[in-house]
Number of protein chains: 2
Amino acid sequence: MDQKQIPDIVIGRLPLYLRALQSMAQEGRQVTSSQELGERLGISAAQIRKDLSQFGEFGKQGTGYDINFLRDQISHILNIDHVWDVAVIGIGDIGSALARYGGFANRGFRVAMLFDNDSQKIGKVEGGFNVWDSANLVQVIRESNIKVAMIAVPGDSAQAVADKLVEAGVRAILNYAPVTLNVPPEVRLQYIDPVNHLQRMTFYLD
Amino acid sequence: MDQKQIPDIVIGRLPLYLRALQSMAQEGRQVTSSQELGERLGISAAQIRKDLSQFGEFGKQGTGYDINFLRDQISHILNIDHVWDVAVIGIGDIGSALARYGGFANRGFRVAMLFDNDSQKIGKVEGGFNVWDSANLVQVIRESNIKVAMIAVPGDSAQAVADKLVEAGVRAILNYAPVTLNVPPEVRLQYIDPVNHLQRMTFYLD
């Protein structure tokens, strides 16, 4: 399997399948089907079967999918059968919420390190973590071998932070600042901007 | 123009164009091109021209786009030439961060009302707003004529909140709870789950 050949939109659906499977496993369930997954997710059963078939054979016609097995396989495909340490840059409201967020547990990530450039925050504890000085970001992240980071600084300093993260060897950045960033092609970049989601919905309202 | 005929993926790019245009306008710029927009956003100039052509003629070959004009046109298309009041349900870390978030200003939305079911929070002020009792959510939202809401409650109560929002007449929901929700087809639904974004990136890491 050459992973680069698989459309990114297919990769984007795997986390949804995984979340539904983890939820079913927590309910004590053993077996599911593409029909049931599709109903839970609002995705057609045919689409789910087609997506999964790109990675191998995970179920049998008529007997469905073993939930734990498929969950473990998708975790492996997504590279989260080990836990990734994540750095959070910018400990304002959003960064603090991320530091305390319970939703990372058992999903492949753990917040490991916080940074801010505000001397009032540096050295304080937030969500159980010491806040480090952003001035030392490149050195500290490189020495910690952290490859995943979330940017939660104001828009006008987000690009400078991204540049430092790339210099430190970070390879996946989730950006909460409401600006578009430039990173080298080998670095993955995703955005969370609630206003984009809201605007995408108001298009359809009267 | 029949808006229903335009692919949702095109609608999803309009907020990105708008954000870039607003940023250029703030820089005091007058004119831009699909090439420049494309470089800022990592989207091809041809794609941008094709997307915009679905809604009309906004620029001339060789002279480019008037930034303020195109910004206002896209705002109109996205239905944000007026400001939408938004309700936030669940005033934990994420809900509090949303109540105080400065990024809604001038982008078509304003947080107008907060709800929680915790008697310790009800009646308190958060981000300048009184926190209302979720028990009165249907009545209060209906009387306020609020059509847009953000859910920031724990996963196991998110569906019940969504049901109440639909009953109250809300037509666009942004869900921060890490669960898939069911709403009637006439209600728009978007998700923000940072773990989905992180998993989508770790797929590509070694």
# chains A, B, ... in the order shown; residues from 1 in each chain; ligands from 1
$ residues_around --residues "range 84-96 of chain B" --least-positions-apart "5" --cutoff "7 Å" --atoms "only C-alpha atoms" --output "list in words"
Ala97 of chain A; Gly108, Phe109, Arg110, Val111, Ala112, Met113, Leu114, Phe115, Asp116, Glu126, Ile146, Val148, Ala149, Met150, Ile151, Ala152 and Val153 of chain B
$ write_last_selection --atoms "C-alpha atoms" --output "CSV table (one decimal), in the first residue's frame"
chain,number,residue,atom,x,y,z
A,97,ALA,CA,-8.7,25.0,27.4
B,108,GLY,CA,-20.6,38.1,11.0
B,109,PHE,CA,-21.2,36.7,14.5
B,110,ARG,CA,-21.5,37.8,18.0
B,111,VAL,CA,-21.9,35.6,21.1
B,112,ALA,CA,-25.3,36.7,22.5
B,113,MET,CA,-26.2,34.2,25.2
B,114,LEU,CA,-24.6,31.5,27.4
B,115,PHE,CA,-26.3,28.4,28.9
B,116,ASP,CA,-25.2,25.9,31.5
B,126,GLU,CA,-18.7,35.0,31.8
B,146,ILE,CA,-31.4,32.9,17.8
B,148,VAL,CA,-27.0,29.8,15.4
B,149,ALA,CA,-25.6,27.9,18.4
B,150,MET,CA,-22.3,26.2,19.5
B,151,ILE,CA,-22.4,23.1,21.7
B,152,ALA,CA,-19.6,22.8,24.2
B,153,VAL,CA,-21.1,20.3,26.7
$ residues_around --residues "Asn117 in chain B" --least-positions-apart "3" --cutoff "7 Å" --atoms "only C-alpha atoms" --output "list in words"
Asp133, Ser134 and Ala135 of chain B
$ write_last_selection --atoms "all heavy atoms" --output "compact mmCIF listing (two decimals), in the first residue's frame"
# COMPACT_ATOMS: atom_id res chain seq x y z
N ASP B 133 -29.87 29.31 32.68
CA ASP B 133 -30.13 27.92 33.03
C ASP B 133 -30.54 27.14 31.78
O ASP B 133 -31.53 27.50 31.12
CB ASP B 133 -31.25 27.88 34.09
CG ASP B 133 -31.49 26.47 34.63
OD1 ASP B 133 -31.00 25.49 34.02
OD2 ASP B 133 -32.16 26.37 35.66
N SER B 134 -29.82 26.06 31.47
CA SER B 134 -30.15 25.24 30.29
C SER B 134 -31.58 24.72 30.34
O SER B 134 -32.16 24.40 29.30
CB SER B 134 -29.21 24.04 30.18
OG SER B 134 -27.89 24.45 30.04
N ALA B 135 -32.15 24.62 31.52
CA ALA B 135 -33.53 24.13 31.64
C ALA B 135 -34.50 25.02 30.87
O ALA B 135 -35.55 24.56 30.44
CB ALA B 135 -33.93 24.03 33.11
$ closest_residue --among "B:Glu167, B:Glu186, B:Glu143, B:Asp66" --to "chain A" --atoms "only C-alpha atoms"
B:Glu186
$ residues_around --residues "Leu174 in chain A" --least-positions-apart "4" --cutoff "8 Å" --atoms "only C-alpha atoms" --output "compact mmCIF listing (two decimals) with all heavy atoms, in the first residue's frame"
# COMPACT_ATOMS: atom_id res chain seq x y z
N ALA A 149 2.34 19.94 17.23
CA ALA A 149 2.12 21.16 18.02
C ALA A 149 0.80 21.82 17.65
O ALA A 149 0.31 21.67 16.52
CB ALA A 149 3.27 22.14 17.83
N MET A 150 0.24 22.56 18.61
CA MET A 150 -0.97 23.35 18.37
C MET A 150 -0.63 24.81 18.65
O MET A 150 -0.07 25.14 19.70
CB MET A 150 -2.10 22.88 19.28
CG MET A 150 -2.45 21.41 19.01
SD MET A 150 -3.96 20.84 19.82
CE MET A 150 -3.33 20.55 21.47
N ILE A 151 -0.97 25.68 17.70
CA ILE A 151 -0.71 27.12 17.83
C ILE A 151 -1.98 27.81 18.29
O ILE A 151 -3.02 27.71 17.64
CB ILE A 151 -0.25 27.71 16.48
CG1 ILE A 151 1.10 27.11 16.06
CG2 ILE A 151 -0.17 29.24 16.57
CD1 ILE A 151 1.60 27.62 14.71
N LEU A 189 -0.30 20.65 7.99
CA LEU A 189 -0.90 21.82 8.62
C LEU A 189 -2.42 21.69 8.54
O LEU A 189 -2.96 21.41 7.47
CB LEU A 189 -0.43 23.08 7.88
CG LEU A 189 -1.00 24.43 8.29
CD1 LEU A 189 -0.65 24.78 9.72
CD2 LEU A 189 -0.48 25.52 7.34
N GLN A 190 -3.09 21.87 9.68
CA GLN A 190 -4.55 21.90 9.69
C GLN A 190 -4.99 23.12 10.49
O GLN A 190 -4.22 23.65 11.30
CB GLN A 190 -5.11 20.62 10.35
CG GLN A 190 -4.88 19.35 9.55
CD GLN A 190 -6.09 18.97 8.72
OE1 GLN A 190 -7.22 18.93 9.21
NE2 GLN A 190 -5.86 18.69 7.45
N TYR A 191 -6.23 23.54 10.24
CA TYR A 191 -6.75 24.76 10.86
C TYR A 191 -8.01 24.48 11.66
O TYR A 191 -8.82 23.65 11.25
CB TYR A 191 -7.13 25.77 9.77
CG TYR A 191 -5.95 26.29 8.99
CD1 TYR A 191 -5.50 25.63 7.85
CD2 TYR A 191 -5.29 27.43 9.40
CE1 TYR A 191 -4.41 26.10 7.13
CE2 TYR A 191 -4.20 27.90 8.69
CZ TYR A 191 -3.77 27.23 7.56
OH TYR A 191 -2.69 27.70 6.86
N ILE A 192 -8.17 25.20 12.76
CA ILE A 192 -9.46 25.25 13.44
C ILE A 192 -9.83 26.71 13.59
O ILE A 192 -9.15 27.47 14.28
CB ILE A 192 -9.42 24.53 14.80
CG1 ILE A 192 -9.34 23.02 14.58
CG2 ILE A 192 -10.65 24.91 15.64
CD1 ILE A 192 -9.48 22.18 15.83
N PRO B 194 -10.45 18.67 17.71
CA PRO B 194 -9.02 18.78 17.40
C PRO B 194 -8.35 17.44 17.16
O PRO B 194 -7.43 17.34 16.35
CB PRO B 194 -8.43 19.48 18.64
CG PRO B 194 -9.45 19.36 19.71
CD PRO B 194 -10.78 19.26 19.02
N HIS B 197 -8.38 16.33 13.55
CA HIS B 197 -7.36 17.01 12.75
C HIS B 197 -5.98 16.44 13.01
O HIS B 197 -5.18 16.28 12.09
CB HIS B 197 -7.36 18.51 13.07
CG HIS B 197 -8.58 19.23 12.59
ND1 HIS B 197 -8.69 19.71 11.30
CD2 HIS B 197 -9.74 19.56 13.19
CE1 HIS B 197 -9.87 20.30 11.16
NE2 HIS B 197 -10.52 20.23 12.29
N LEU B 198 -5.69 16.15 14.28
CA LEU B 198 -4.36 15.60 14.61
C LEU B 198 -4.17 14.22 13.99
O LEU B 198 -3.12 13.91 13.41
CB LEU B 198 -4.18 15.53 16.13
CG LEU B 198 -4.13 16.87 16.88
CD1 LEU B 198 -4.14 16.65 18.39
CD2 LEU B 198 -2.90 17.68 16.48
$ closest_residue --among "B:Asn175, B:Gln199, B:Asn106, B:Thr32" --to "chain A" --atoms "only C-alpha atoms"
B:Gln199
$ select_by_dssp --residues "range 5-53 of chain A" --states "helix (DSSP H, G or I)" --output "count of residues only"
37
$ atom_distance --atom1 "CA of Gly12 in chain A" --atom2 "CA of Asp163 in chain B"
26.8 Å
$ closest_residue --among "A:Ser75, A:Ser53, A:Ser44, A:Gln139" --to "chain B" --atoms "only C-alpha atoms"
A:Ser75
$ residues_around --residues "Asp156 in chain B" --least-positions-apart "5" --cutoff "10 Å" --atoms "only C-alpha atoms" --output "PyMOL selection string"
chain B and resi 161+177-179
$ residues_around --residues "Ala45 in chain B" --least-positions-apart "6" --cutoff "10 Å" --atoms "only C-alpha atoms" --output "list of chain:residue names"
B:Ser33, B:Ser34, B:Gln35, B:Glu36, B:Leu37, B:Gly38, B:Glu39, B:Asp51
$ closest_residue --among "B:Arg100, B:Lys121, B:Lys50, B:Lys164" --to "chain A" --atoms "only C-alpha atoms"
B:Arg100
